[in-house]
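*Asks:* Right, I'll just put the structure down here and ask away after.
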Amino acid sequence: MYSELQNLIDKPISLTNKILYQICNNTGEYSWGNGKFLGEKIWLIGCSYAASPERRYIKAKSFDRKLELDNVGDGTGKYFDEIGEYIVNNEQYKDLVLALNELQYKYKFDGSSNDLDLLKRSVEAVGLLNEMVKCASKRYDDENNPKIKGNVEYRNQISFCSKFLHFHCPDIVFIIDGFTRRAASNLFSQNSKKQLYIENRKIGESLKNVLNFNLPNQPIKCFDNISEYMKFCEKSYALCRYIKNSQLDISNITYYPRTSDCILQSIKCS
């Protein structure tokens with residue numbers, strides 16, 4: 001199992017992701033204060049990671065599905081240009097920027113209160129951006145798609161927001177999607193009958209027990225709308241804590257959340 005984990009730890013960051021990290025380094029012309037560039041980064045990361053917030057509806061309440069699809073986007077990029085400006089002008093925007101500035105640190109992965117406070121604040125930042133993106137989408141529809149107003153429910157964008165903020169705070173923010181959420185749930189489940197594999201190698205109960213030992217002593221309290229993401233981040237943190245304190249060679253790890261995502265993406269079950 002060590003060799004399989006080591007292969008994933010040593011996996012280099014792709015050129016595409018390196019470019020995204022560079023664009024999101026919060027300096028120069030791509031800094032947070034420019035609504036146009038913010039919108040373009042939302043488009044770039046959302047499309048790159050199949051998590052575009054342009055797919056913003058849960059369901060239509062009282063009209064034909066075709067009308068909903070006609071209003072998702074027109075291919076011109078107008079949606080992204082406008083929601084970038086909406087977010088920058090949102091009264092909570094300064095709170096988000098302040099939160100991100102406070103997340104420019106690294107975990108020690110020692111289970112300390114400082115680490116867990118960082119983890120909680122990262123989850124809250126993702127939750128805040130999620131609400132701002134939903135608000136921006138609704139405002140965009142109110143101004144551009146009057147037929148849709150009041151007739152749709154807006155989906156949570158936690159997956160997109162975790163990916164977006166990860167590139168701005170790569171040492172702190174963990175990435176979640178459907179695949180990694182299920183993998184983390186199965187990996188930390190002590191009652192599951194599913195057999196898990198990583199790189200075609202069976203994952204034994206002993207590893208699962210050690211990983212559970214690295215979880216925070218008490219669940220971190222948070223608001224209900226981000227509770228599922230918080231549980232995922234606790235597991236991701238525990239996985240990274242195990243890796244850092246194991247006998248694995250960690251010299252090639254650039255960002256622990258990236259390594260955690262790589263490992264969870266590789267877990268399969270039968």
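Scheme for the structure tokens: letters A, B, ... for chains in order shown; per-chain residue numbers from 1; ligand numbers from 1 in order shown.
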What are the nearest atom pairs, with distances in Å to one decimal, for all residues of region 117-140 of chain A that come at most 8 Å from region 149-168 of chain A, using only C-alpha atoms, set out by chain and rising residue number as a tab-separated table?
*Replies:*
```
residue	atom	partner	partner_atom	distance
A:Val126	CA	A:Cys161	CA	5.6
A:Gly127	CA	A:Ile158	CA	6.9
A:Leu129	CA	A:Cys161	CA	6.4
A:Asn130	CA	A:Gln157	CA	5.4
A:Glu131	CA	A:Asn156	CA	7.9
A:Val133	CA	A:Gln157	CA	7.5
A:Lys134	CA	A:Tyr154	CA	6.5
A:Lys138	CA	A:Tyr154	CA	7.7
```
*Asks:* So that I have them on file, write out the residues from the current selection with N, CA and C atoms, as a tab-separated table (two decimals), in the first residue's frame.
*Replies:*
```tsv
chain	number	residue	atom	x	y	z
A	126	VAL	N	-15.59	29.00	1.96
A	126	VAL	CA	-16.25	28.32	0.84
A	126	VAL	C	-17.76	28.52	0.93
A	127	GLY	N	-18.30	28.41	2.13
A	127	GLY	CA	-19.74	28.62	2.31
A	127	GLY	C	-20.15	30.04	1.98
A	129	LEU	N	-18.61	32.15	-0.14
A	129	LEU	CA	-18.57	32.33	-1.60
A	129	LEU	C	-19.75	31.63	-2.26
A	130	ASN	N	-20.14	30.49	-1.74
A	130	ASN	CA	-21.29	29.77	-2.29
A	130	ASN	C	-22.54	30.65	-2.25
A	131	GLU	N	-22.79	31.29	-1.12
A	131	GLU	CA	-23.97	32.16	-1.00
A	131	GLU	C	-23.86	33.35	-1.93
A	133	VAL	N	-22.22	33.47	-4.84
A	133	VAL	CA	-22.41	32.99	-6.22
A	133	VAL	C	-23.90	32.77	-6.49
A	134	LYS	N	-24.59	32.16	-5.54
A	134	LYS	CA	-26.03	31.94	-5.71
A	134	LYS	C	-26.77	33.27	-5.82
A	138	LYS	N	-28.88	34.65	-9.12
A	138	LYS	CA	-30.27	35.11	-9.04
A	138	LYS	C	-30.40	36.53	-9.57
```
*Asks:* Check region 197-260 of chain A with DSSP on the backbone and list each residue it calls strand (DSSP E), as a PyMOL selection string.
*Replies:* chain A and resi 197-198+201-202
*Asks:* Which one is closest to Ala99 (chain A): A:Glu85, A:Glu124, A:Asp115, A:Glu234? Count only C-alpha atoms.
*Replies:*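 Result for the nearest residue to Ala99 (chain A): A:Glu124.
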*Asks:* Tell me, as a list in words, which residues lie within 10 Å of Gly111 (chain A), counting only C-alpha atoms; anything in the same chain fewer than 3 positions away does not count.
*Replies:*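 Counting only the stated atoms, we get Tyr107, Lys108, Asn114, Asp115, Leu116, Asn214, Leu215, Pro216, Asn217, Tyr237, Ala238 and Arg241 of chain A.
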*Asks:* Go ahead and save the picked residues with C-alpha atoms, as a compact mmCIF listing (two decimals), in the first residue's frame.
*Replies:*
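Below is the file again13.txt, written as the result:
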```txt
# COMPACT_ATOMS: atom_id res chain seq x y z
CA TYR A 107 -1.43 23.33 8.30
CA LYS A 108 0.98 21.67 10.69
CA ASN A 114 -4.83 26.33 15.45
CA ASP A 115 -5.04 23.80 12.64
CA LEU A 116 -8.69 23.05 13.27
CA ASN A 214 -6.23 11.00 12.88
CA LEU A 215 -9.67 12.63 12.79
CA PRO A 216 -10.33 15.59 15.11
CA ASN A 217 -11.33 14.46 18.61
CA TYR A 237 -7.29 16.69 6.90
CA ALA A 238 -6.96 13.33 8.67
CA ARG A 241 -2.14 14.18 8.79
```
*Asks:* Which is closest to Trp43 (chain A) among A:Arg258, A:Glu91, A:Glu82, A:Asn25, if we use only C-alpha atoms?
*Replies:*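 Of A:Arg258, A:Glu91, A:Glu82, A:Asn25, the one nearest Trp43 (chain A) is A:Glu82, counting only C-alpha atoms.
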*Asks:* Got a sec to tell me which of region 151-223 of chain A DSSP assigns to helix (DSSP H, G or I), as a PyMOL selection string?
*Replies:* chain A and resi 158-168+178-188+205-213
*Asks:* Name the residues in contact with Tyr79 (chain A) at a cut-off of 12 Å, using only C-alpha atoms, excluding same-chain residues fewer than 5 positions from it; report them as JSON, numbers by chain.
*Replies:* {"A": [36, 39, 40, 42, 43, 52, 53, 54, 55, 56, 71, 72, 73, 74, 84, 85, 86, 133, 136, 137, 138, 139, 140, 141, 143, 144, 145]}
*Asks:* Now that the selection is made, can you save its residues with N, CA and C atoms as an mmCIF file, in the first residue's frame?
*Replies:*
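Contents of selection10.cif, freshly written:
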```
data_model
loop_
_atom_site.group_PDB
_atom_site.id
_atom_site.type_symbol
_atom_site.label_atom_id
_atom_site.label_comp_id
_atom_site.auth_asym_id
_atom_site.auth_seq_id
_atom_site.Cartn_x
_atom_site.Cartn_y
_atom_site.Cartn_z
ATOM 1 N N LYS A 36 -14.128 41.914 -13.704
ATOM 2 C CA LYS A 36 -14.018 41.246 -15.007
ATOM 3 C C LYS A 36 -13.092 40.040 -14.916
ATOM 4 N N GLY A 39 -14.687 37.240 -12.952
ATOM 5 C CA GLY A 39 -15.621 36.487 -13.782
ATOM 6 C C GLY A 39 -14.909 35.527 -14.722
ATOM 7 N N GLU A 40 -13.775 35.965 -15.274
ATOM 8 C CA GLU A 40 -13.028 35.118 -16.189
ATOM 9 C C GLU A 40 -12.395 33.938 -15.457
ATOM 10 N N ILE A 42 -13.697 32.582 -12.768
ATOM 11 C CA ILE A 42 -14.829 31.697 -12.475
ATOM 12 C C ILE A 42 -15.126 30.825 -13.686
ATOM 13 N N TRP A 43 -15.128 31.437 -14.865
ATOM 14 C CA TRP A 43 -15.363 30.678 -16.106
ATOM 15 C C TRP A 43 -14.274 29.633 -16.313
ATOM 16 N N SER A 52 -19.033 24.369 -13.485
ATOM 17 C CA SER A 52 -19.383 25.754 -13.771
ATOM 18 C C SER A 52 -20.658 26.175 -13.039
ATOM 19 N N PRO A 53 -20.626 27.307 -12.331
ATOM 20 C CA PRO A 53 -21.830 27.791 -11.656
ATOM 21 C C PRO A 53 -22.911 28.251 -12.628
ATOM 22 N N GLU A 54 -22.578 28.316 -13.914
ATOM 23 C CA GLU A 54 -23.601 28.639 -14.910
ATOM 24 C C GLU A 54 -24.705 27.581 -14.908
ATOM 25 N N ARG A 55 -24.365 26.353 -14.540
ATOM 26 C CA ARG A 55 -25.375 25.310 -14.329
ATOM 27 C C ARG A 55 -25.912 25.514 -12.917
ATOM 28 N N ARG A 56 -26.834 26.409 -12.795
ATOM 29 C CA ARG A 56 -27.194 26.948 -11.497
ATOM 30 C C ARG A 56 -28.557 26.529 -10.963
ATOM 31 N N ASN A 71 -32.106 29.520 -20.813
ATOM 32 C CA ASN A 71 -31.621 30.639 -20.023
ATOM 33 C C ASN A 71 -30.363 30.330 -19.212
ATOM 34 N N VAL A 72 -29.872 29.104 -19.270
ATOM 35 C CA VAL A 72 -28.666 28.748 -18.517
ATOM 36 C C VAL A 72 -27.490 29.588 -18.975
ATOM 37 N N GLY A 73 -27.302 29.711 -20.276
ATOM 38 C CA GLY A 73 -26.211 30.519 -20.812
ATOM 39 C C GLY A 73 -26.347 30.647 -22.309
ATOM 40 N N ASP A 74 -25.787 31.734 -22.848
ATOM 41 C CA ASP A 74 -25.927 31.965 -24.283
ATOM 42 C C ASP A 74 -24.614 31.803 -25.034
ATOM 43 N N GLY A 84 -19.213 38.262 -11.976
ATOM 44 C CA GLY A 84 -17.961 38.747 -11.396
ATOM 45 C C GLY A 84 -18.140 40.126 -10.795
ATOM 46 N N GLU A 85 -18.825 41.001 -11.531
ATOM 47 C CA GLU A 85 -19.101 42.351 -11.034
ATOM 48 C C GLU A 85 -20.054 42.313 -9.847
ATOM 49 N N TYR A 86 -21.068 41.451 -9.915
ATOM 50 C CA TYR A 86 -22.012 41.346 -8.801
ATOM 51 C C TYR A 86 -21.295 40.938 -7.523
ATOM 52 N N VAL A 133 -22.218 33.468 -4.838
ATOM 53 C CA VAL A 133 -22.413 32.995 -6.219
ATOM 54 C C VAL A 133 -23.897 32.767 -6.486
ATOM 55 N N ALA A 136 -25.509 36.104 -6.854
ATOM 56 C CA ALA A 136 -25.149 36.718 -8.132
ATOM 57 C C ALA A 136 -25.919 36.078 -9.284
ATOM 58 N N SER A 137 -26.100 34.765 -9.238
ATOM 59 C CA SER A 137 -26.850 34.067 -10.285
ATOM 60 C C SER A 137 -28.303 34.527 -10.303
ATOM 61 N N LYS A 138 -28.881 34.651 -9.115
ATOM 62 C CA LYS A 138 -30.270 35.106 -9.035
ATOM 63 C C LYS A 138 -30.400 36.528 -9.573
ATOM 64 N N ARG A 139 -29.459 37.388 -9.210
ATOM 65 C CA ARG A 139 -29.515 38.771 -9.699
ATOM 66 C C ARG A 139 -29.361 38.810 -11.219
ATOM 67 N N TYR A 140 -28.478 37.973 -11.739
ATOM 68 C CA TYR A 140 -28.292 37.911 -13.192
ATOM 69 C C TYR A 140 -29.604 37.516 -13.868
ATOM 70 N N ASP A 141 -30.284 36.519 -13.336
ATOM 71 C CA ASP A 141 -31.548 36.086 -13.932
ATOM 72 C C ASP A 141 -32.631 37.143 -13.770
ATOM 73 N N GLU A 143 -32.284 40.241 -13.855
ATOM 74 C CA GLU A 143 -32.048 41.346 -14.794
ATOM 75 C C GLU A 143 -32.058 40.910 -16.258
ATOM 76 N N ASN A 144 -31.774 39.637 -16.512
ATOM 77 C CA ASN A 144 -31.615 39.195 -17.899
ATOM 78 C C ASN A 144 -32.621 38.150 -18.355
ATOM 79 N N ASN A 145 -33.232 37.454 -17.416
ATOM 80 C CA ASN A 145 -34.163 36.382 -17.761
ATOM 81 C C ASN A 145 -35.460 36.534 -16.969
#
```
*Asks:* I'd like to know which of A:Gln195, A:Val123, A:Ser189, A:Leu207 is closest to Phe223 (chain A), using only C-alpha atoms.
*Replies:*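 Checking each candidate against Phe223 (chain A), we get A:Val123 as the closest.
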*Asks:* Find, counting only C-alpha atoms, the residue in A:Ile203, A:Ile58, A:Leu8, A:Ile83 that gets nearest to Leu38 (chain A).
*Replies:*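 Of the candidates, the smallest distance to Leu38 (chain A) is held by A:Ile83.
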*Asks:* For Gln265 (chain A), list every protein, DNA or RNA residue within 8 Å, evaluated using only C-alpha atoms, and leave out those in the same chain fewer than 3 positions away; present the list as a list in words.
*Replies:*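 Near neighbours after the sequence-gap exclusion: Phe179, Thr180, Ala183, Asp261 and Cys262 of chain A.
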*Asks:* For the selection just defined, write its residues with C-alpha atoms to a file, as a tab-separated table (two decimals), in the first residue's frame.
*Replies:*
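What ended up in part-v2.tsv:
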```tsv
chain	number	residue	atom	x	y	z
A	179	PHE	CA	-16.17	11.24	-6.51
A	180	THR	CA	-13.96	12.42	-3.65
A	183	ALA	CA	-14.29	7.98	-1.63
A	261	ASP	CA	-7.61	15.11	-3.86
A	262	CYS	CA	-5.28	13.00	-6.02
```
*Asks:* Between CA of Phe174 (chain A) and CA of Pro257 (chain A), what is the distance in Å, rounded to a tenth?
*Replies:*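 Atom-to-atom, CA of Phe174 (chain A) to CA of Pro257 (chain A), that is 5.0 Å.
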*Asks:* Please provide the set of residues having any atom within 12 Å of Val97 (chain A), restricted to only C-alpha atoms, with same-chain residues fewer than 3 positions apart removed, written as a count of residues only.
*Replies:* 23
*Asks:* Rounded to one decimal, what separation in Å do you get between CA of Leu44 (chain A) and CA of Tyr256 (chain A)?
*Replies:*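 Atom-to-atom, CA of Leu44 (chain A) to CA of Tyr256 (chain A), that is 22.7 Å.
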*Asks:* What is the CA of Ile45 (chain A)-CA of Ile175 (chain A) distance in Å, reported with one decimal?
*Replies:* 12.3 Å
*Asks:* Env of Glu205 (chain A): 12 Å cut, atoms = only C-alpha atoms, seq-sep filter 6 positions within chain, self excluded. Answer as a list in words.
*Replies:*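 These residues fall inside the cut-off: Asn186, Leu187, Phe188, Ser189, Gln190, Asn191, Ser192, Lys193, Lys194, Gln195, Leu196, Tyr197, Leu211 and Asn212 of chain A.
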*Asks:* Take the residues just selected and output them with C-alpha atoms as a PDB file, in the first residue's frame.
*Replies:*
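Heads up, here's the output in out.pdb:
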```pdb
ATOM      1  CA  ASN A 186     -16.036   4.863   2.176  1.00  0.00           C
ATOM      2  CA  LEU A 187     -12.417   5.218   3.284  1.00  0.00           C
ATOM      3  CA  PHE A 188     -13.374   6.350   6.784  1.00  0.00           C
ATOM      4  CA  SER A 189     -16.377   4.033   7.196  1.00  0.00           C
ATOM      5  CA  GLN A 190     -15.710   1.224   9.674  1.00  0.00           C
ATOM      6  CA  ASN A 191     -18.995  -0.529   8.967  1.00  0.00           C
ATOM      7  CA  SER A 192     -18.960  -0.604   5.183  1.00  0.00           C
ATOM      8  CA  LYS A 193     -18.817  -3.990   3.454  1.00  0.00           C
ATOM      9  CA  LYS A 194     -17.406  -2.451   0.281  1.00  0.00           C
ATOM     10  CA  GLN A 195     -13.897  -3.459  -0.703  1.00  0.00           C
ATOM     11  CA  LEU A 196     -11.794  -0.425  -1.530  1.00  0.00           C
ATOM     12  CA  TYR A 197      -8.854  -0.288  -3.903  1.00  0.00           C
ATOM     13  CA  LEU A 211      -7.000   7.191   9.374  1.00  0.00           C
ATOM     14  CA  ASN A 212      -9.924   7.381  11.789  1.00  0.00           C
TER      15      ASN A 212
END
```
*Asks:* Write out, as a tab-separated table, each residue of region 187-254 of chain A that has an atom at most 12 Å from region 9-13 of chain A, together with the closest pair of atoms and their distance in Å to one decimal, counting only C-alpha atoms, rows going by chain and rising number.
*Replies:*
```
residue	atom	partner	partner_atom	distance
A:Cys240	CA	A:Ile9	CA	10.6
A:Ile243	CA	A:Ile9	CA	9.1
A:Lys244	CA	A:Ile9	CA	10.8
A:Leu248	CA	A:Ile9	CA	8.7
A:Asp249	CA	A:Ile9	CA	8.2
A:Ile250	CA	A:Ile9	CA	7.1
A:Ser251	CA	A:Asp10	CA	8.5
A:Asn252	CA	A:Asp10	CA	5.6
A:Ile253	CA	A:Ile9	CA	6.4
A:Thr254	CA	A:Ile13	CA	8.4
```
*Asks:* Restricting the calculation to only C-alpha atoms: of A:Lys235, A:Lys147, A:Lys120, A:Lys18, which residue gets closest to Val210 (chain A)?
*Replies:*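 Ranked by minimum distance to Val210 (chain A), first place goes to A:Lys235.
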